[in-house]
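**Student:** Pasting my_file.pdb below, which is PDB, C-alpha atoms.
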ATOM      1  CA  MET A   1      44.109  50.538 -59.393
ATOM      2  CA  THR A   2      46.486  53.122 -57.960
ATOM      3  CA  VAL A   3      49.357  52.431 -55.574
ATOM      4  CA  ALA A   4      47.468  54.106 -52.694
ATOM      5  CA  THR A   5      44.358  51.981 -53.352
ATOM      6  CA  THR A   6      46.479  48.830 -53.503
ATOM      7  CA  SER A   7      48.145  49.765 -50.208
ATOM      8  CA  GLU A   8      44.793  50.419 -48.517
ATOM      9  CA  HIS A   9      43.388  47.174 -49.899
ATOM     10  CA  HIS A  10      46.443  45.279 -48.662
ATOM     11  CA  GLU A  11      46.078  46.706 -45.134
ATOM     12  CA  GLU A  12      42.392  45.735 -45.006
ATOM     13  CA  HIS A  13      43.179  42.062 -45.538
ATOM     14  CA  HIS A  14      46.306  41.923 -43.383
ATOM     15  CA  PRO A  15      45.764  43.493 -39.968
ATOM     16  CA  ASP A  16      48.784  44.472 -37.898
ATOM     17  CA  LEU A  17      49.374  41.526 -35.568
ATOM     18  CA  ARG A  18      52.669  42.679 -34.074
ATOM     19  CA  ILE A  19      51.102  43.320 -30.652
ATOM     20  CA  TRP A  20      49.605  39.819 -30.637
ATOM     21  CA  GLY A  21      52.985  38.409 -31.611
ATOM     22  CA  LEU A  22      54.607  40.213 -28.696
ATOM     23  CA  LEU A  23      51.891  39.009 -26.302
ATOM     24  CA  THR A  24      52.436  35.428 -27.481
ATOM     25  CA  PHE A  25      56.173  35.802 -26.922
ATOM     26  CA  LEU A  26      55.619  37.252 -23.436
ATOM     27  CA  CYS A  27      53.306  34.350 -22.578
ATOM     28  CA  SER A  28      56.046  31.895 -23.558
ATOM     29  CA  GLU A  29      58.569  33.834 -21.460
ATOM     30  CA  SER A  30      56.112  33.782 -18.552
ATOM     31  CA  LEU A  31      56.034  29.997 -18.768
ATOM     32  CA  MET A  32      59.823  29.877 -18.649
ATOM     33  CA  PHE A  33      59.968  32.144 -15.607
ATOM     34  CA  GLY A  34      57.105  30.139 -14.101
ATOM     35  CA  GLY A  35      59.245  27.010 -14.418
ATOM     36  CA  PHE A  36      62.102  28.761 -12.624
ATOM     37  CA  PHE A  37      59.794  29.949  -9.860
ATOM     38  CA  ALA A  38      58.234  26.498  -9.417
ATOM     39  CA  THR A  39      61.690  24.891  -9.222
ATOM     40  CA  TYR A  40      62.807  27.463  -6.675
ATOM     41  CA  LEU A  41      59.721  26.872  -4.521
ATOM     42  CA  PHE A  42      60.163  23.095  -4.801
ATOM     43  CA  PHE A  43      63.752  23.238  -3.549
ATOM     44  CA  ARG A  44      62.770  25.703  -0.863
ATOM     45  CA  GLY A  45      60.069  23.281   0.286
ATOM     46  CA  ILE A  46      62.337  20.234   0.560
ATOM     47  CA  THR A  47      65.374  22.000   2.045
ATOM     48  CA  GLU A  48      65.561  22.272   5.822
ATOM     49  CA  VAL A  49      67.349  25.644   5.954
ATOM     50  CA  TRP A  50      66.613  28.107   3.136
ATOM     51  CA  PRO A  51      68.743  29.817   2.130
ATOM     52  CA  PRO A  52      71.555  27.622   3.434
ATOM     53  CA  GLU A  53      73.955  29.247   5.857
ATOM     54  CA  GLY A  54      76.516  31.428   4.124
ATOM     55  CA  THR A  55      74.296  32.199   1.142
ATOM     56  CA  GLU A  56      71.981  34.797   2.600
ATOM     57  CA  VAL A  57      70.804  37.670   0.439
ATOM     58  CA  GLU A  58      71.088  41.336   1.240
ATOM     59  CA  LEU A  59      67.831  43.290   1.106
ATOM     60  CA  PHE A  60      68.890  46.953   1.031
ATOM     61  CA  LEU A  61      70.458  47.235  -2.448
ATOM     62  CA  PRO A  62      67.881  44.950  -4.136
ATOM     63  CA  ALA A  63      65.079  47.025  -2.541
ATOM     64  CA  ILE A  64      66.573  50.209  -4.003
ATOM     65  CA  ASN A  65      66.956  48.435  -7.344
ATOM     66  CA  THR A  66      63.320  47.350  -7.151
ATOM     67  CA  ILE A  67      62.143  50.912  -6.514
ATOM     68  CA  ILE A  68      64.168  52.111  -9.516
ATOM     69  CA  LEU A  69      62.874  49.392 -11.842
ATOM     70  CA  VAL A  70      59.225  49.651 -10.779
ATOM     71  CA  SER A  71      59.382  53.460 -11.029
ATOM     72  CA  SER A  72      60.728  53.113 -14.559
ATOM     73  CA  SER A  73      57.405  51.549 -15.592
ATOM     74  CA  PHE A  74      55.668  54.815 -14.753
ATOM     75  CA  VAL A  75      58.379  56.803 -16.525
ATOM     76  CA  ILE A  76      58.149  54.801 -19.763
ATOM     77  CA  HIS A  77      54.394  55.270 -19.762
ATOM     78  CA  LEU A  78      54.952  59.037 -19.845
ATOM     79  CA  GLY A  79      56.759  58.469 -23.146
ATOM     80  CA  ASP A  80      53.692  56.690 -24.515
ATOM     81  CA  VAL A  81      51.465  59.535 -23.317
ATOM     82  CA  ALA A  82      53.805  62.054 -24.984
ATOM     83  CA  ILE A  83      53.752  60.372 -28.407
ATOM     84  CA  LYS A  84      49.956  60.163 -28.330
ATOM     85  CA  LYS A  85      50.079  63.966 -28.128
ATOM     86  CA  ASN A  86      52.515  64.042 -31.100
ATOM     87  CA  ASN A  87      55.332  65.042 -28.744
ATOM     88  CA  VAL A  88      58.278  63.081 -30.163
ATOM     89  CA  MET A  89      60.826  65.003 -28.090
ATOM     90  CA  GLY A  90      58.875  64.234 -24.915
ATOM     91  CA  MET A  91      58.746  60.556 -25.838
ATOM     92  CA  ARG A  92      62.505  60.512 -26.441
ATOM     93  CA  PHE A  93      63.170  62.188 -23.107
ATOM     94  CA  TRP A  94      61.056  59.744 -21.080
ATOM     95  CA  TYR A  95      62.421  56.735 -22.964
ATOM     96  CA  LEU A  96      66.008  57.866 -22.325
ATOM     97  CA  VAL A  97      65.225  58.365 -18.625
ATOM     98  CA  THR A  98      63.767  54.832 -18.569
ATOM     99  CA  ALA A  99      66.897  53.472 -20.263
ATOM    100  CA  LEU A 100      69.053  55.205 -17.661
ATOM    101  CA  MET A 101      66.975  53.688 -14.842
ATOM    102  CA  GLY A 102      67.292  50.236 -16.425
ATOM    103  CA  ALA A 103      71.046  50.646 -16.760
ATOM    104  CA  ILE A 104      71.292  51.679 -13.090
ATOM    105  CA  PHE A 105      69.327  48.554 -12.177
ATOM    106  CA  LEU A 106      71.787  46.358 -14.105
ATOM    107  CA  VAL A 107      74.814  48.074 -12.552
ATOM    108  CA  GLY A 108      73.252  47.498  -9.121
ATOM    109  CA  GLN A 109      72.728  43.835  -9.937
ATOM    110  CA  VAL A 110      76.348  43.395 -11.045
ATOM    111  CA  TYR A 111      77.523  45.166  -7.886
ATOM    112  CA  GLU A 112      75.392  42.792  -5.819
ATOM    113  CA  TYR A 113      76.896  39.761  -7.595
ATOM    114  CA  MET A 114      80.414  41.010  -6.898
ATOM    115  CA  ASN A 115      79.730  41.375  -3.180
ATOM    116  CA  LEU A 116      77.657  38.301  -2.339
ATOM    117  CA  GLY A 117      80.540  36.054  -1.342
ATOM    118  CA  TYR A 118      79.169  32.954  -3.047
ATOM    119  CA  GLY A 119      78.875  31.757  -6.613
ATOM    120  CA  LEU A 120      76.659  29.902  -9.019
ATOM    121  CA  THR A 121      77.745  26.436  -7.857
ATOM    122  CA  THR A 122      77.932  27.021  -4.082
ATOM    123  CA  ASN A 123      74.612  25.237  -3.390
ATOM    124  CA  VAL A 124      71.101  24.814  -4.783
ATOM    125  CA  PHE A 125      69.929  28.185  -3.479
ATOM    126  CA  SER A 126      72.826  30.085  -5.049
ATOM    127  CA  ASN A 127      72.287  28.221  -8.310
ATOM    128  CA  CYS A 128      68.597  29.182  -8.383
ATOM    129  CA  PHE A 129      69.417  32.742  -7.325
ATOM    130  CA  TYR A 130      71.989  33.377 -10.032
ATOM    131  CA  ILE A 131      70.049  31.679 -12.819
ATOM    132  CA  MET A 132      66.795  33.516 -12.103
ATOM    133  CA  THR A 133      68.283  36.950 -11.482
ATOM    134  CA  ALA A 134      70.707  36.699 -14.425
ATOM    135  CA  PHE A 135      67.947  35.517 -16.775
ATOM    136  CA  HIS A 136      65.852  38.462 -15.659
ATOM    137  CA  GLY A 137      68.870  40.758 -16.079
ATOM    138  CA  LEU A 138      69.180  39.513 -19.656
ATOM    139  CA  HIS A 139      65.564  40.544 -20.224
ATOM    140  CA  VAL A 140      66.272  43.995 -18.779
ATOM    141  CA  PHE A 141      69.226  44.314 -21.161
ATOM    142  CA  VAL A 142      67.030  43.340 -24.137
ATOM    143  CA  GLY A 143      64.468  45.888 -22.935
ATOM    144  CA  LEU A 144      67.174  48.559 -22.921
ATOM    145  CA  LEU A 145      68.044  47.685 -26.507
ATOM    146  CA  LEU A 146      64.371  47.956 -27.504
ATOM    147  CA  ILE A 147      64.010  51.326 -25.781
ATOM    148  CA  LEU A 148      67.177  52.678 -27.375
ATOM    149  CA  GLY A 149      66.019  51.285 -30.722
ATOM    150  CA  VAL A 150      62.770  53.244 -30.402
ATOM    151  CA  VAL A 151      64.710  56.419 -29.582
ATOM    152  CA  TRP A 152      67.058  55.841 -32.545
ATOM    153  CA  ARG A 153      64.182  55.272 -34.972
ATOM    154  CA  SER A 154      62.361  58.354 -33.718
ATOM    155  CA  ARG A 155      65.082  60.494 -35.364
ATOM    156  CA  ARG A 156      63.370  59.962 -38.710
ATOM    157  CA  PRO A 157      60.671  62.588 -39.225
ATOM    158  CA  GLY A 158      57.205  61.070 -39.060
ATOM    159  CA  HIS A 159      58.376  57.623 -37.979
ATOM    160  CA  TYR A 160      56.318  57.900 -34.791
ATOM    161  CA  SER A 161      53.244  60.053 -34.291
ATOM    162  CA  ALA A 162      49.931  60.171 -32.450
ATOM    163  CA  THR A 163      48.513  57.702 -34.977
ATOM    164  CA  LYS A 164      51.650  55.644 -35.646
ATOM    165  CA  HIS A 165      53.290  54.355 -32.457
ATOM    166  CA  THR A 166      53.087  50.545 -32.364
ATOM    167  CA  GLY A 167      56.847  50.200 -31.772
ATOM    168  CA  ILE A 168      56.621  52.504 -28.769
ATOM    169  CA  GLU A 169      53.710  50.561 -27.290
ATOM    170  CA  MET A 170      55.521  47.263 -27.819
ATOM    171  CA  ALA A 171      58.649  48.491 -26.033
ATOM    172  CA  GLU A 172      56.475  49.726 -23.162
ATOM    173  CA  MET A 173      54.604  46.413 -22.900
ATOM    174  CA  TYR A 174      57.869  44.482 -22.814
ATOM    175  CA  TRP A 175      59.239  46.792 -20.104
ATOM    176  CA  HIS A 176      56.110  46.333 -17.965
ATOM    177  CA  PHE A 177      56.528  42.564 -18.331
ATOM    178  CA  VAL A 178      60.135  42.807 -17.119
ATOM    179  CA  ASP A 179      58.974  44.820 -14.107
ATOM    180  CA  ILE A 180      56.184  42.389 -13.187
ATOM    181  CA  ILE A 181      58.576  39.445 -13.377
ATOM    182  CA  TRP A 182      61.028  41.290 -11.129
ATOM    183  CA  ILE A 183      58.334  41.987  -8.521
ATOM    184  CA  ILE A 184      57.556  38.248  -8.352
ATOM    185  CA  LEU A 185      61.253  37.326  -8.308
ATOM    186  CA  PHE A 186      62.060  39.923  -5.639
ATOM    187  CA  THR A 187      59.214  38.628  -3.472
ATOM    188  CA  LEU A 188      60.288  34.988  -3.796
ATOM    189  CA  VAL A 189      64.047  35.366  -3.519
ATOM    190  CA  TYR A 190      64.456  38.351  -1.236
ATOM    191  CA  ILE A 191      61.306  38.937   0.815
ATOM    192  CA  LEU A 192      60.350  35.303   1.509
ATOM    193  CA  THR A 193      63.887  34.440   2.649
ATOM    194  CA  LEU A 194      63.244  36.666   5.665
ATOM    195  CA  PHE A 195      60.553  34.279   6.900
TER     196      PHE A 195
END
For the structure just supplied, provide its representation as structure tokens.
**Tutor:**
Amino acid sequence: MTVATTSEHHEEHHPDLRIWGLLTFLCSESLMFGGFFATYLFFRGITEVWPPEGTEVELFLPAINTIILVSSSFVIHLGDVAIKKNNVMGMRFWYLVTALMGAIFLVGQVYEYMNLGYGLTTNVFSNCFYIMTAFHGLHVFVGLLLILGVVWRSRRPGHYSATKHTGIEMAEMYWHFVDIIWIILFTLVYILTLF
């Protein structure tokens, strides 16, 4: 039995389950965020004034941040489309643009924190606000590392191609997850506080 035959035989019996592993991880993260959202809604329901006076949220900067982050989902998908056409340079370009958009989102979030005028322990609302947005920010940061990791690995000739791009798809799936979570969080924390 040759090395090539052994390799082919090995692949037949051990399918690539990395995507399923990522989906399982994202489901567990969804449950964690779901717990945060349920807690937030519970406290909102039992508190007379929400958010309490002095801990209002600004809508303008977070709305701009939301547009940037949601748009980045479309941009990262262009990278996936590029690699499926064997365009490694195109994939790198779109992934770097996505990373830049994610970094701008994080800078905007830090700027918002610095100008809110209240902290983590001011009241229940501020506690929920900081924990949920910071936990999401951590996920954005991890997503940036994944995207930059894909770009770094793409330097090796043949590492990614039209037929070999699981790492690219996984980074894209994770980034879409981060965006979906932000849309829910933005709706709960920013939009619903207007009503």
**Student:** Apply the PyMOL selection byres ((chain A and resi 39) around 12) to the displayed file and report the matching residues as JSON, numbers by chain.
**Tutor:** {"A": [32, 33, 34, 35, 36, 37, 38, 40, 41, 42, 43, 44, 45, 46, 124, 125, 127, 128, 129, 131, 132, 188]}
**Student:** One number please: atom CA of A:Gln109 to atom CA of A:Asp80, in Å, one decimal.
**Tutor:** 27.2 Å
**Student:** Closest to A:Trp175 among A:Ile76, A:Thr121, A:Tyr190, A:Thr66, using only C-alpha atoms?
**Tutor:**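 The answer is A:Ile76, which sits nearest to A:Trp175.
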**Student:** Could you expand the PyMOL selection byres ((chain A and resi 141) around 12) into the explicit residues it covers here, written as a ChimeraX atom specification?
**Tutor:** /A:99-107,109,134-140,142-148,174-175,178
**Student:** Might you pull out every residue within 12 Å of A:Arg92, with all atoms listed in the file counted and same-chain residues fewer than 3 positions away left off, and present them as a PyMOL selection string?
**Tutor:** chain A and resi 75-83+86-89+95-99+147-155+160+168
**Student:** Can you work out which one of A:Ala63, A:Val49, A:Leu22, A:Met114 has the shortest atom-to-atom distance to A:Leu185, counting all atoms listed in the file?
**Tutor:**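 Using all atoms listed in the file, the shortest distance to A:Leu185 belongs to A:Ala63.
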**Student:** Suppose you want the space between atom CA of A:Phe74 and atom CA of A:Ser161; what is it in Å?
**Tutor:** 20.4 Å
**Student:** So what do you get for atom CA of A:Pro62 versus atom CA of A:Gly108, distance-wise?
**Tutor:**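 Atom CA of A:Gly108 lies at a distance of 7.8 Å from atom CA of A:Pro62.
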**Student:** Find, counting only C-alpha atoms, the residue in A:Val57, A:Leu26, A:Ile67, A:Met91 that gets nearest to A:His176.
**Tutor:**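 Among the listed residues, the smallest separation from A:His176 belongs to A:Leu26.
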**Student:** Which of these, A:Ile184, A:Thr24, A:Trp94, A:Glu29, has the shortest distance to A:Ser72 once you count all atoms listed in the file?
**Tutor:**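 Among A:Ile184, A:Thr24, A:Trp94, A:Glu29, it is A:Trp94 that comes nearest to A:Ser72.
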**Student:** When you look at A:Arg18 with a cut-off of 9 Å (counting all atoms listed in the file), what residues show up, excluding the ones that are within fewer than 2 positions of it in the same chain? I need them as a VMD selection string.
**Tutor:** chain A and resid 16 20 to 23 166 to 167 170
**Student:** I need every residue sitting at most 12 Å from the point (73.4, 37.8, 2.6) (coordinates as in the file, only C-alpha atoms considered), written as JSON, numbers by chain.
**Tutor:** {"A": [50, 51, 52, 53, 54, 55, 56, 57, 58, 59, 60, 61, 62, 112, 113, 115, 116, 117, 118, 125, 126, 129, 189, 190, 193, 194]}
**Student:** Compare A:Ala171, A:Ile180, A:Leu120, A:Ile191 by their minimum atom-to-atom distance to A:Leu69, counting all atoms listed in the file, and give me the closest one.
**Tutor:**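 Looking at the shortest contact to A:Leu69, the residue is A:Ile180.
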**Student:** Find the residue from A:Met173, A:Gly90, A:Ser30, A:Thr47 that sits nearest to A:Asn123; use only C-alpha atoms when measuring.
**Tutor:**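 Nearest to A:Asn123: A:Thr47.
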